[in-house]
file coords22.txt (compact mmCIF, C-alpha atoms)
# COMPACT_ATOMS: atom_id res chain seq x y z
CA MET H 5 -35.42 -24.93 18.61
CA LEU H 6 -33.51 -21.77 17.62
CA PRO H 7 -32.28 -19.43 20.39
CA THR H 8 -34.77 -16.68 19.42
CA GLN H 9 -37.62 -19.19 19.33
CA LEU H 10 -36.52 -20.63 22.66
CA LEU H 11 -36.42 -17.15 24.22
CA SER H 12 -39.90 -16.39 22.88
CA TYR H 13 -41.19 -19.69 24.27
CA TRP H 14 -39.75 -18.92 27.71
CA GLU H 15 -41.21 -15.40 27.68
CA ASN H 16 -44.66 -16.65 26.69
CA SER H 17 -44.51 -19.40 29.31
CA ALA H 18 -43.47 -16.89 31.96
CA ASP H 19 -46.30 -14.53 30.99
CA GLU H 20 -48.84 -17.34 31.17
CA PHE H 21 -47.50 -18.47 34.55
CA CYS H 22 -47.78 -14.92 35.92
CA SER H 23 -51.32 -14.66 34.58
CA MET H 24 -52.23 -17.92 36.24
CA LYS H 25 -50.87 -16.75 39.57
CA ASN H 26 -52.40 -13.26 39.33
CA LYS H 27 -55.82 -14.10 37.93
CA LYS H 28 -58.78 -12.43 39.55
CA LEU H 29 -62.17 -14.06 40.09
CA LEU H 30 -65.61 -12.84 41.03
CA ILE H 31 -67.49 -15.46 43.05
CA LEU H 32 -71.23 -15.33 43.64
CA THR H 33 -72.10 -16.58 47.12
CA THR H 34 -74.49 -16.04 49.98
CA SER H 35 -73.10 -13.94 52.81
CA LEU H 36 -70.01 -15.40 54.48
CA SER H 37 -70.66 -13.47 57.70
CA ALA H 38 -74.43 -13.86 58.15
CA LYS H 39 -75.69 -15.89 61.09
CA LYS H 40 -77.97 -17.81 58.77
CA THR H 41 -75.44 -19.57 56.57
CA GLY H 42 -75.76 -22.36 54.07
CA GLY H 43 -73.62 -24.77 52.12
CA VAL H 44 -72.21 -22.23 49.64
CA SER H 45 -71.24 -19.63 52.26
CA ASN H 46 -69.73 -22.32 54.52
CA TYR H 47 -67.79 -23.62 51.53
CA TYR H 48 -66.20 -20.31 50.58
CA GLY H 49 -65.77 -19.32 54.22
CA ALA H 50 -63.54 -22.37 54.66
CA LEU H 51 -61.64 -21.78 51.41
CA ASP H 52 -61.29 -17.99 51.53
CA SER H 53 -57.83 -17.83 53.10
CA LYS H 54 -56.56 -20.84 51.12
CA PHE H 55 -57.12 -19.54 47.59
CA PRO H 56 -53.81 -18.76 45.80
CA PHE H 57 -55.45 -16.13 43.54
CA GLN H 58 -57.19 -12.78 43.87
CA HIS H 59 -60.93 -12.94 44.36
CA ASP H 60 -63.94 -10.82 45.23
CA TYR H 61 -67.36 -11.94 46.36
CA CYS H 62 -70.71 -10.78 45.08
CA VAL H 63 -73.24 -11.50 47.81
CA VAL H 64 -76.58 -12.83 46.57
CA GLY H 65 -79.50 -14.73 48.02
CA ASP H 66 -81.41 -14.62 51.29
CA ARG H 67 -80.82 -11.86 53.82
CA GLU H 68 -81.70 -11.56 57.48
CA ASP H 69 -84.33 -8.88 56.73
CA ASP H 70 -86.08 -10.90 53.98
CA GLY H 71 -89.67 -11.44 54.90
CA ILE H 72 -92.41 -9.87 52.88
CA LEU H 73 -92.36 -10.33 49.12
CA SER H 74 -91.47 -6.69 48.42
CA ASN H 75 -88.25 -7.02 50.46
CA VAL H 76 -87.23 -10.10 48.51
CA PHE H 77 -87.96 -8.43 45.17
CA ILE H 78 -86.04 -5.25 46.05
CA ARG H 79 -83.11 -7.28 47.33
CA LEU H 80 -83.03 -9.38 44.14
CA ILE H 81 -83.04 -6.31 41.86
CA THR H 82 -80.33 -4.72 44.00
CA ASP H 83 -78.22 -7.89 43.71
CA TYR H 84 -78.42 -7.78 39.91
CA LEU H 85 -77.48 -4.08 39.80
CA LEU H 86 -74.52 -4.53 42.13
CA PHE H 87 -73.38 -7.52 40.07
CA ILE H 88 -73.47 -5.43 36.88
CA LYS H 89 -71.58 -2.62 38.62
CA SER H 90 -68.88 -5.05 39.80
CA LEU H 91 -68.37 -6.43 36.29
CA ILE H 92 -68.23 -2.98 34.70
CA THR H 93 -65.89 -1.35 37.23
CA ASN H 94 -63.50 -4.30 37.65
CA SER H 95 -61.56 -6.55 35.34
CA TYR H 96 -62.23 -10.18 36.23
CA ASP H 97 -60.69 -13.16 34.47
CA LEU H 98 -63.49 -15.49 35.53
CA VAL H 99 -66.94 -15.35 37.14
CA VAL H 100 -67.98 -18.32 39.28
CA ILE H 101 -71.72 -18.83 39.76
CA ASN H 102 -72.95 -21.30 42.39
CA PRO H 103 -76.55 -22.30 41.68
CA SER H 104 -78.49 -25.35 42.70
CA LEU H 105 -80.23 -27.21 39.92
CA THR H 106 -83.58 -26.38 41.49
CA LEU H 107 -86.44 -24.04 40.63
CA ASN H 108 -85.12 -21.17 42.78
CA GLY H 109 -81.58 -21.65 41.49
CA LEU H 110 -82.69 -21.59 37.87
CA ILE H 111 -84.88 -18.51 38.28
CA ARG H 112 -82.30 -16.42 40.15
CA ASP H 113 -78.88 -17.54 38.98
CA TYR H 114 -79.62 -18.07 35.29
CA LEU H 115 -79.97 -14.30 34.93
CA PHE H 116 -76.61 -13.75 36.66
CA PHE H 117 -75.07 -16.07 34.10
CA LEU H 118 -76.73 -14.27 31.15
CA ILE H 119 -75.53 -10.90 32.47
CA ALA H 120 -71.95 -12.15 32.87
CA LYS H 121 -71.86 -13.56 29.33
CA ALA H 122 -73.51 -10.45 27.85
CA LEU H 123 -70.71 -8.37 29.38
CA GLY H 124 -68.07 -10.65 27.84
CA ASN H 125 -66.94 -12.55 30.94
CA LYS H 126 -65.71 -16.12 31.04
CA THR H 127 -67.87 -18.12 33.43
CA VAL H 128 -67.88 -21.31 35.44
CA ILE H 129 -71.12 -22.74 36.79
CA PHE H 130 -70.64 -24.77 39.96
CA PHE H 131 -73.83 -26.75 40.52
CA ARG H 132 -74.42 -27.36 44.23
CA GLY H 133 -77.78 -29.01 44.87
CA TRP H 134 -79.20 -31.22 42.15
CA GLU H 135 -82.78 -32.30 41.51
CA ARG H 136 -83.42 -34.92 38.87
CA LYS H 137 -86.60 -33.34 37.51
CA TYR H 138 -84.74 -30.10 36.75
CA GLU H 139 -81.90 -32.10 35.24
CA GLU H 140 -84.49 -33.39 32.77
CA ILE H 141 -85.85 -29.89 32.09
CA VAL H 142 -82.47 -28.26 31.49
CA PHE H 143 -80.72 -31.02 29.55
CA ARG H 144 -83.31 -33.27 27.88
CA THR H 145 -86.93 -32.11 27.54
CA LYS H 146 -88.24 -29.59 25.01
CA TRP H 147 -87.69 -26.88 27.63
CA ARG H 148 -83.93 -27.36 27.22
CA TYR H 149 -83.99 -24.86 24.37
CA LEU H 150 -84.63 -22.11 26.93
CA PHE H 151 -81.27 -23.00 28.47
CA LEU H 152 -79.18 -23.22 25.30
CA PRO H 153 -76.94 -20.32 26.44
CA VAL H 154 -75.86 -22.43 29.43
CA ARG H 155 -74.15 -24.82 27.06
CA LYS H 156 -71.80 -21.97 26.11
CA CYS H 157 -70.56 -21.70 29.67
CA ASP H 158 -66.76 -22.02 29.71
CA GLY H 159 -66.76 -24.79 32.30
CA PHE H 160 -68.86 -26.63 34.84
CA ILE H 161 -68.19 -28.13 38.25
CA VAL H 162 -70.46 -30.76 39.81
CA LEU H 163 -70.37 -32.79 43.00
CA ALA H 164 -71.03 -36.29 41.66
CA LYS H 165 -70.07 -38.52 38.75
CA SER H 166 -73.75 -39.16 38.03
CA PHE H 167 -74.37 -35.42 37.62
CA ARG H 168 -71.53 -35.18 35.15
CA GLU H 169 -72.81 -38.15 33.17
CA ALA H 170 -76.26 -36.54 32.97
CA MET H 171 -74.76 -33.35 31.49
CA LEU H 172 -72.21 -34.71 29.02
CA PRO H 173 -74.55 -35.53 26.12
CA SER H 174 -75.78 -31.92 26.13
CA VAL H 175 -72.75 -29.73 26.91
CA LYS H 176 -69.48 -29.38 25.05
CA SER H 177 -67.54 -27.48 27.72
CA PRO H 178 -65.49 -29.44 30.28
CA VAL H 179 -67.34 -30.76 33.33
CA PHE H 180 -65.16 -31.19 36.42
CA ILE H 181 -66.01 -33.16 39.53
CA GLU H 182 -65.21 -31.72 42.94
CA THR H 183 -66.18 -32.17 46.56
CA THR H 184 -67.48 -29.93 49.26
CA VAL H 185 -65.03 -29.12 52.02
CA LEU H 186 -63.82 -29.81 55.55
CA ASP H 187 -62.29 -26.79 57.28
CA GLU H 188 -59.30 -28.35 59.02
CA GLU H 189 -59.44 -25.60 61.67
CA ILE H 190 -62.21 -27.64 63.27
CA LEU H 191 -59.54 -30.24 64.13
CA LYS H 192 -57.08 -27.85 65.74
CA GLY H 193 -55.37 -29.73 68.55
CA TYR H 194 -56.55 -33.14 67.32
CA ASP H 195 -54.80 -35.82 65.29
CA GLU H 196 -54.94 -39.58 64.85
CA THR H 197 -53.64 -40.14 68.39
CA ASN H 198 -56.74 -38.64 70.04
CA ILE H 199 -59.43 -38.74 67.35
CA GLN H 200 -60.41 -42.42 67.62
CA ARG H 201 -63.70 -43.36 69.27
CA ALA H 202 -63.27 -46.24 71.68
CA PRO H 203 -66.08 -45.77 74.23
CA SER H 204 -65.87 -47.59 77.53
CA PRO H 205 -68.76 -49.88 78.52
CA SER H 206 -69.93 -47.25 81.04
CA LYS H 207 -70.22 -44.49 78.43
CA LYS H 208 -73.36 -44.13 76.33
CA LEU H 209 -72.75 -44.00 72.62
CA ARG H 210 -73.70 -40.54 71.35
CA LEU H 211 -75.63 -40.32 68.09
CA LEU H 212 -75.81 -36.97 66.33
CA TYR H 213 -78.31 -35.53 63.86
CA LEU H 214 -76.83 -32.30 62.48
CA ALA H 215 -78.80 -30.94 59.53
CA ARG H 216 -81.87 -28.93 58.67
CA ILE H 217 -84.93 -29.91 60.69
CA GLU H 218 -86.91 -31.19 57.72
CA LYS H 219 -88.69 -34.46 57.07
CA TYR H 220 -86.74 -35.08 53.85
CA LYS H 221 -83.45 -34.73 55.74
CA GLY H 222 -84.45 -37.65 57.95
CA VAL H 223 -84.92 -36.06 61.37
CA PHE H 224 -88.02 -38.15 62.16
CA THR H 225 -86.21 -41.26 60.92
CA ALA H 226 -83.46 -40.57 63.47
CA ILE H 227 -86.04 -40.26 66.25
CA GLU H 228 -87.73 -43.52 65.19
CA ALA H 229 -84.34 -45.27 65.24
CA PHE H 230 -83.75 -44.00 68.78
CA LYS H 231 -87.14 -45.39 69.84
CA LYS H 232 -86.28 -48.78 68.35
CA LEU H 233 -83.01 -48.86 70.28
CA LYS H 234 -84.85 -47.89 73.45
CA GLU H 235 -87.37 -50.71 72.91
CA GLN H 236 -84.41 -53.11 72.75
CA SER H 237 -83.02 -51.67 76.03
CA ILE H 238 -79.94 -50.32 74.20
CA GLU H 239 -78.78 -47.18 75.95
CA VAL H 240 -77.63 -44.40 73.59
CA GLU H 241 -77.88 -40.62 73.40
CA LEU H 242 -79.35 -38.83 70.39
CA LEU H 243 -78.66 -35.12 70.05
CA ILE H 244 -80.55 -33.19 67.38
CA ALA H 245 -79.09 -29.89 66.14
CA GLY H 246 -80.28 -27.52 63.45
CA ASN H 247 -83.25 -25.42 62.43
CA GLY H 248 -86.06 -25.77 59.93
CA ALA H 249 -89.73 -25.90 59.13
CA GLU H 250 -90.44 -29.06 61.14
CA LEU H 251 -88.92 -27.82 64.40
CA ASP H 252 -92.20 -27.63 66.36
CA LYS H 253 -93.16 -31.16 65.29
CA VAL H 254 -89.71 -32.46 66.24
CA LYS H 255 -89.95 -30.85 69.69
CA ALA H 256 -93.35 -32.46 70.14
CA SER H 257 -91.95 -35.86 69.11
CA ILE H 258 -89.09 -35.52 71.58
CA LYS H 259 -91.51 -34.57 74.35
CA GLY H 260 -93.62 -37.62 73.49
CA VAL H 261 -90.65 -39.97 73.83
CA ASN H 262 -89.92 -38.46 77.26
CA ASP H 263 -86.33 -39.65 77.57
CA PRO H 264 -83.47 -37.38 78.75
CA ASN H 265 -81.15 -39.18 76.31
CA LEU H 266 -83.08 -37.68 73.37
CA ARG H 267 -82.52 -33.92 73.21
CA TYR H 268 -82.86 -31.00 70.84
CA ILE H 269 -79.94 -28.62 71.41
CA GLY H 270 -80.68 -25.87 68.88
CA LEU H 271 -78.79 -24.37 65.97
CA VAL H 272 -75.05 -24.73 66.53
CA ASP H 273 -72.07 -23.02 64.92
CA GLY H 274 -68.45 -22.17 65.57
CA GLU H 275 -66.89 -23.62 68.72
CA GLU H 276 -70.17 -25.16 69.87
CA LYS H 277 -70.47 -27.10 66.61
CA ARG H 278 -66.81 -28.14 66.78
CA GLN H 279 -67.21 -29.52 70.31
CA LEU H 280 -70.44 -31.28 69.38
CA LEU H 281 -68.76 -33.10 66.50
CA LEU H 282 -65.64 -33.98 68.45
CA ASN H 283 -67.68 -35.36 71.35
CA SER H 284 -70.14 -37.49 69.36
CA ASP H 285 -69.63 -41.01 68.07
CA ILE H 286 -71.97 -41.61 65.12
CA LEU H 287 -73.58 -39.19 62.66
CA LEU H 288 -77.08 -40.05 61.45
CA PHE H 289 -77.80 -38.59 58.02
CA PRO H 290 -80.83 -40.51 56.69
CA SER H 291 -81.66 -37.97 53.98
CA THR H 292 -83.97 -38.68 51.06
CA HIS H 293 -83.34 -35.20 49.62
CA SER H 294 -81.60 -34.58 46.30
CA GLU H 295 -78.23 -33.91 47.91
CA GLY H 296 -75.13 -32.56 46.20
CA MET H 297 -72.44 -33.55 48.69
CA PRO H 298 -73.49 -32.62 52.24
CA ASN H 299 -70.83 -30.86 54.29
CA THR H 300 -72.12 -32.50 57.46
CA VAL H 301 -70.98 -35.92 56.30
CA LEU H 302 -67.48 -34.66 55.48
CA GLU H 303 -67.16 -32.77 58.76
CA ALA H 304 -68.29 -35.78 60.76
CA MET H 305 -65.83 -38.08 58.99
CA GLY H 306 -63.02 -35.59 59.54
CA CYS H 307 -63.83 -35.51 63.24
CA GLY H 308 -63.64 -39.29 63.42
CA LEU H 309 -67.33 -40.13 63.61
CA ALA H 310 -68.79 -43.21 62.01
CA VAL H 311 -71.51 -42.19 59.56
CA ILE H 312 -74.84 -43.88 58.86
CA THR H 313 -76.30 -42.39 55.71
CA THR H 314 -78.05 -42.81 52.42
CA LYS H 315 -75.74 -42.62 49.41
CA MET H 316 -77.23 -39.49 47.86
CA GLY H 317 -75.49 -37.39 45.22
CA GLY H 318 -71.72 -37.20 45.59
CA VAL H 319 -71.74 -39.37 48.73
CA ASP H 320 -72.34 -42.34 46.43
CA ASP H 321 -68.95 -41.74 44.78
CA PHE H 322 -66.94 -42.52 47.90
CA PHE H 323 -69.05 -43.91 50.72
CA CYS H 324 -68.60 -47.53 51.79
CA GLY H 325 -70.97 -48.58 54.55
CA ASP H 326 -68.84 -51.51 55.66
CA THR H 327 -65.78 -49.37 56.37
CA MET H 328 -67.30 -45.93 57.11
CA GLY H 329 -70.32 -46.76 59.25
CA GLY H 330 -73.49 -47.93 57.58
CA GLU H 331 -75.45 -47.52 54.35
CA LEU H 332 -79.23 -47.03 54.45
CA VAL H 333 -81.20 -48.77 51.71
CA ASP H 334 -84.74 -49.74 52.72
CA ASP H 335 -86.13 -49.65 56.27
CA PHE H 336 -84.03 -46.78 57.58
CA PRO H 337 -84.95 -46.81 61.31
CA THR H 338 -84.39 -50.57 61.53
CA GLU H 339 -81.10 -50.37 59.60
CA ILE H 340 -79.86 -47.54 61.84
CA ALA H 341 -80.74 -49.53 64.97
CA GLN H 342 -79.00 -52.63 63.63
CA THR H 343 -75.82 -50.72 62.71
CA VAL H 344 -75.67 -48.90 66.04
CA THR H 345 -76.16 -52.21 67.88
CA ARG H 346 -73.35 -53.78 65.87
CA LEU H 347 -70.94 -50.95 66.68
CA ILE H 348 -71.86 -50.93 70.37
CA ASN H 349 -71.09 -54.63 70.54
CA ASN H 350 -67.80 -54.19 68.70
CA PRO H 351 -65.93 -51.13 69.99
CA ALA H 352 -62.78 -52.20 68.13
CA GLU H 353 -64.67 -51.88 64.83
CA LEU H 354 -65.96 -48.44 65.81
CA SER H 355 -62.43 -47.34 66.68
CA LYS H 356 -61.14 -48.62 63.32
CA ILE H 357 -63.90 -46.80 61.40
CA SER H 358 -63.19 -43.63 63.36
CA LEU H 359 -59.51 -43.56 62.40
CA SER H 360 -60.25 -44.60 58.80
CA ASN H 361 -62.81 -41.81 58.33
CA TYR H 362 -60.46 -39.22 59.80
CA THR H 363 -57.63 -40.33 57.50
CA PHE H 364 -59.88 -40.43 54.44
CA ALA H 365 -61.25 -36.94 55.06
CA LYS H 366 -57.74 -35.60 55.60
CA GLN H 367 -56.64 -37.03 52.26
CA TYR H 368 -59.49 -35.64 50.15
CA PHE H 369 -61.59 -32.98 51.86
CA TYR H 370 -59.29 -30.54 53.71
CA SER H 371 -59.86 -26.96 52.54
CA SER H 372 -56.22 -26.52 51.51
CA LYS H 373 -56.49 -29.49 49.13
CA VAL H 374 -59.86 -28.44 47.71
CA ALA H 375 -58.54 -24.90 47.10
CA THR H 376 -55.56 -26.29 45.17
CA ARG H 377 -57.81 -28.48 43.03
CA LEU H 378 -60.16 -25.58 42.29
CA ASP H 379 -57.21 -23.44 41.26
CA GLU H 380 -56.21 -26.13 38.74
CA ILE H 381 -59.77 -26.25 37.40
CA PHE H 382 -59.91 -22.48 36.95
CA ASN H 383 -56.54 -22.54 35.16
CA ALA H 384 -57.81 -25.30 32.88
CA VAL H 385 -60.82 -23.16 31.94
CA LEU H 386 -58.87 -19.94 31.48
CA TYR H 387 -55.62 -21.15 29.93
CA LYS H 388 -56.53 -24.60 28.55
CA THR H 389 -53.99 -26.23 30.84
CA ASP H 390 -54.16 -29.88 31.79
CA CYS H 391 -56.27 -30.66 34.84
CA LYS H 392 -55.86 -34.09 36.34
CA GLU H 393 -59.15 -35.97 36.62
CA PHE H 394 -60.21 -36.09 40.23
CA TRP H 395 -61.65 -39.40 41.38
CA ILE H 396 -61.99 -40.51 44.96
CA ASP H 397 -60.63 -44.01 45.53
CA LYS H 398 -63.06 -45.93 47.69
CA PRO H 399 -61.31 -47.68 50.57
CA LEU H 400 -61.17 -51.46 50.36
call {"tool": "encode", "arguments": {"input": "coords22.txt", "output": "structure tokens"}}
result
Amino acid sequence: MLPTQLLSYWENSADEFCSMKNKKLLILTTSLSAKKTGGVSNYYGALDSKFPFQHDYCVVGDREDDGILSNVFIRLITDYLLFIKSLITNSYDLVVINPSLTLNGLIRDYLFFLIAKALGNKTVIFFRGWERKYEEIVFRTKWRYLFLPVRKCDGFIVLAKSFREAMLPSVKSPVFIETTVLDEEILKGYDETNIQRAPSPSKKLRLLYLARIEKYKGVFTAIEAFKKLKEQSIEVELLIAGNGAELDKVKASIKGVNDPNLRYIGLVDGEEKRQLLLNSDILLFPSTHSEGMPNTVLEAMGCGLAVITTKMGGVDDFFCGDTMGGELVDDFPTEIAQTVTRLINNPAELSKISLSNYTFAKQYFYSSKVATRLDEIFNAVLYKTDCKEFWIDKPL
């Protein structure tokens, strides 16, 4: 290479590197500060201080004052107008939209995508939740023609290999696989020396249900499993935390069981949630919902809990029941009771699972690591740089 060519190459490389470091993104998310938070806001709340690039948020979705239909409609129109204003008055390198592949996600966020593309912005769609019937609609049935513009998105991120495989025949843009996130701040003051669960014979094993109070999330399954354990004279605690449409029915079920070891403790967040996770032993997540990759599972693993769960969505890519807790396949209450009984009778196994889950979560799910991987994905979309395929190695 001639000296002048070499100099030009260095200058171009330096310019590209500076662009990569100084890129600016607009990220659509629900409110990071609202009391009523969800998976997307929790995700970006954990990553916000870890991102190595400039970024703004455009707040969309439910608000505290949503109630009557007119409020929802006015809020939605206002969200679109503020989004347009942000794109016109600022220069963004990339717009990141975070829909679920559900009816509500398609109705609301598809228009955000169309607006961004109409105004000439590069876009990434990060699919969060995923429902198979809408996968069919968007990518395979005759209705897919309504969503042809989506195929011109500059890049996609999904939370499971199976989601990516479902998209690839229909889209030409790159589809990256990522995870949700564990905010390592939750483990402040803890490490492998004090994270392991090794309960003494005098201590009741504490089971935790931490999710929305909905039938499809498995809250009644958790209660049924507790009742089975009680029938077998196996003493455990079950704490239920969260909020949702089935709350009154859950409270009635708890009252019917009439056991002080089965308690509903409300909606938890912040320090209360941290202490709840760090002082429980096993997470119950018997969901039959179309999950993306539930944060609760990652947080529990990071805090050293064994996890008993179905392998929904992205959980299927990494979860091993034998080494992480237990996998639910058929008769969920019975399988939960059997797994809990096994771990009670073998505290050394529970302690081993606890340390293994903590180590695994630290390797893959810490917010600092997820932020770095996302930065590489955004660079790959913007500058056509190489982005190492991200696969989680299941533990042996």
call {"tool": "closest_residue", "arguments": {"input": "coords22.txt", "among": "H:Thr34, H:Asn26, H:Ser371, H:Ser355", "to": "H:Glu303", "atoms": "only C-alpha atoms"}}
result
H:Ser371
call {"tool": "atom_distance", "arguments": {"input": "coords22.txt", "atom1": "atom CA of H:Val162", "atom2": "atom CA of H:Trp134"}}
result
9.1 Å
call {"tool": "axis_aligned_box", "arguments": {"input": "coords22.txt", "around": "stretch 258-265 of chain H", "padding_each_side": "5 Å", "output": "AutoDock Vina command-line options"}}
result
--center_x -87.4 --center_y -37.3 --center_z 75.2 --size_x 22.5 --size_y 15.4 --size_z 17.2
call {"tool": "atom_distance", "arguments": {"input": "coords22.txt", "atom1": "atom CA of H:Leu110", "atom2": "atom CA of H:Gly133"}}
result
11.3 Å
call {"tool": "closest_residue", "arguments": {"input": "coords22.txt", "among": "H:Tyr138, H:Phe230, H:Phe382, H:Tyr370", "to": "H:Leu29", "atoms": "all atoms listed in the file"}}
result
H:Phe382
call {"tool": "closest_residue", "arguments": {"input": "coords22.txt", "among": "H:Asn94, H:Thr343, H:Thr314, H:Ser237", "to": "H:Leu211", "atoms": "only C-alpha atoms"}}
result
H:Thr343
call {"tool": "atom_distance", "arguments": {"input": "coords22.txt", "atom1": "atom CA of H:Lys221", "atom2": "atom CA of H:Met305"}}
result
18.2 Å
call {"tool": "residues_around", "arguments": {"input": "coords22.txt", "residues": "H:Leu212", "least_positions_apart": "5", "cutoff": "10 Å", "atoms": "only C-alpha atoms", "output": "list in words"}}
result
Ala226, Glu241, Leu242, Leu243, Ile244, Ala245, Leu280, Leu281, Asn283, Ser284, Asp285, Ile286, Leu287, Leu288, Phe289, Ala304, Leu309 and Val311 of chain H
call {"tool": "closest_atom_pairs", "arguments": {"input": "coords22.txt", "of": "stretch 165-278 of chain H", "to": "stretch 383-387 of chain H", "cutoff": "12 Å", "atoms": "all atoms listed in the file", "output": "Markdown table"}}
result
| residue | atom | partner | partner_atom | distance |
| --- | --- | --- | --- | --- |
| H:Ser177 | CA | H:Val385 | CA | 9.0 |
| H:Pro178 | CA | H:Val385 | CA | 8.0 |
| H:Val179 | CA | H:Val385 | CA | 10.1 |
| H:Phe180 | CA | H:Ala384 | CA | 10.1 |
call {"tool": "closest_residue", "arguments": {"input": "coords22.txt", "among": "H:Ile92, H:Ala164, H:Leu118, H:Val100", "to": "H:Met297", "atoms": "all atoms listed in the file"}}
result
H:Ala164
call {"tool": "closest_residue", "arguments": {"input": "coords22.txt", "among": "H:Asn125, H:Ser174, H:Thr183, H:Thr363", "to": "H:Phe143", "atoms": "all atoms listed in the file"}}
result
H:Ser174
call {"tool": "closest_residue", "arguments": {"input": "coords22.txt", "among": "H:Asp321, H:Glu250, H:Asp263, H:Glu228", "to": "H:Asp335", "atoms": "only C-alpha atoms"}}
result
H:Glu228
call {"tool": "residues_around", "arguments": {"input": "coords22.txt", "residues": "H:Thr345", "least_positions_apart": "3", "cutoff": "12 Å", "atoms": "all atoms listed in the file", "output": "list of chain:residue names"}}
result
H:Leu209, H:Leu211, H:Ala229, H:Phe230, H:Lys232, H:Leu233, H:Lys234, H:Gln236, H:Ser237, H:Ile238, H:Glu239, H:Val240, H:Ile286, H:Gly329, H:Gly330, H:Thr338, H:Glu339, H:Ile340, H:Ala341, H:Gln342, H:Ile348, H:Asn349, H:Asn350, H:Pro351, H:Glu353, H:Leu354
call {"tool": "write_last_selection", "arguments": {"input": "coords22.txt", "atoms": "C-alpha atoms", "output": "CSV table (one decimal), in the coordinates of the input"}}
result
chain,number,residue,atom,x,y,z
H,209,LEU,CA,-72.8,-44.0,72.6
H,211,LEU,CA,-75.6,-40.3,68.1
H,229,ALA,CA,-84.3,-45.3,65.2
H,230,PHE,CA,-83.8,-44.0,68.8
H,232,LYS,CA,-86.3,-48.8,68.4
H,233,LEU,CA,-83.0,-48.9,70.3
H,234,LYS,CA,-84.8,-47.9,73.4
H,236,GLN,CA,-84.4,-53.1,72.8
H,237,SER,CA,-83.0,-51.7,76.0
H,238,ILE,CA,-79.9,-50.3,74.2
H,239,GLU,CA,-78.8,-47.2,76.0
H,240,VAL,CA,-77.6,-44.4,73.6
H,286,ILE,CA,-72.0,-41.6,65.1
H,329,GLY,CA,-70.3,-46.8,59.2
H,330,GLY,CA,-73.5,-47.9,57.6
H,338,THR,CA,-84.4,-50.6,61.5
H,339,GLU,CA,-81.1,-50.4,59.6
H,340,ILE,CA,-79.9,-47.5,61.8
H,341,ALA,CA,-80.7,-49.5,65.0
H,342,GLN,CA,-79.0,-52.6,63.6
H,348,ILE,CA,-71.9,-50.9,70.4
H,349,ASN,CA,-71.1,-54.6,70.5
H,350,ASN,CA,-67.8,-54.2,68.7
H,351,PRO,CA,-65.9,-51.1,70.0
H,353,GLU,CA,-64.7,-51.9,64.8
H,354,LEU,CA,-66.0,-48.4,65.8
call {"tool": "residues_near_point", "arguments": {"input": "coords22.txt", "point": "(-67.1, -34.9, 57.3)", "cutoff": "9 Å", "atoms": "only C-alpha atoms", "output": "number ranges by chain"}}
result
H: 185-186, 298-309, 311, 361-362, 365, 369
call {"tool": "residues_near_point", "arguments": {"input": "coords22.txt", "point": "(-76.0, -25.4, 28.5)", "cutoff": "8 Å", "atoms": "all atoms listed in the file", "output": "PDB file with C-alpha atoms, in the coordinates of the input"}}
result
ATOM      1  CA  VAL H 142     -82.470 -28.260  31.490  1.00  0.00           C
ATOM      2  CA  PHE H 143     -80.720 -31.020  29.550  1.00  0.00           C
ATOM      3  CA  PHE H 151     -81.270 -23.000  28.470  1.00  0.00           C
ATOM      4  CA  LEU H 152     -79.180 -23.220  25.300  1.00  0.00           C
ATOM      5  CA  PRO H 153     -76.940 -20.320  26.440  1.00  0.00           C
ATOM      6  CA  VAL H 154     -75.860 -22.430  29.430  1.00  0.00           C
ATOM      7  CA  ARG H 155     -74.150 -24.820  27.060  1.00  0.00           C
ATOM      8  CA  LYS H 156     -71.800 -21.970  26.110  1.00  0.00           C
ATOM      9  CA  CYS H 157     -70.560 -21.700  29.670  1.00  0.00           C
ATOM     10  CA  SER H 174     -75.780 -31.920  26.130  1.00  0.00           C
ATOM     11  CA  VAL H 175     -72.750 -29.730  26.910  1.00  0.00           C
TER      12      VAL H 175
END
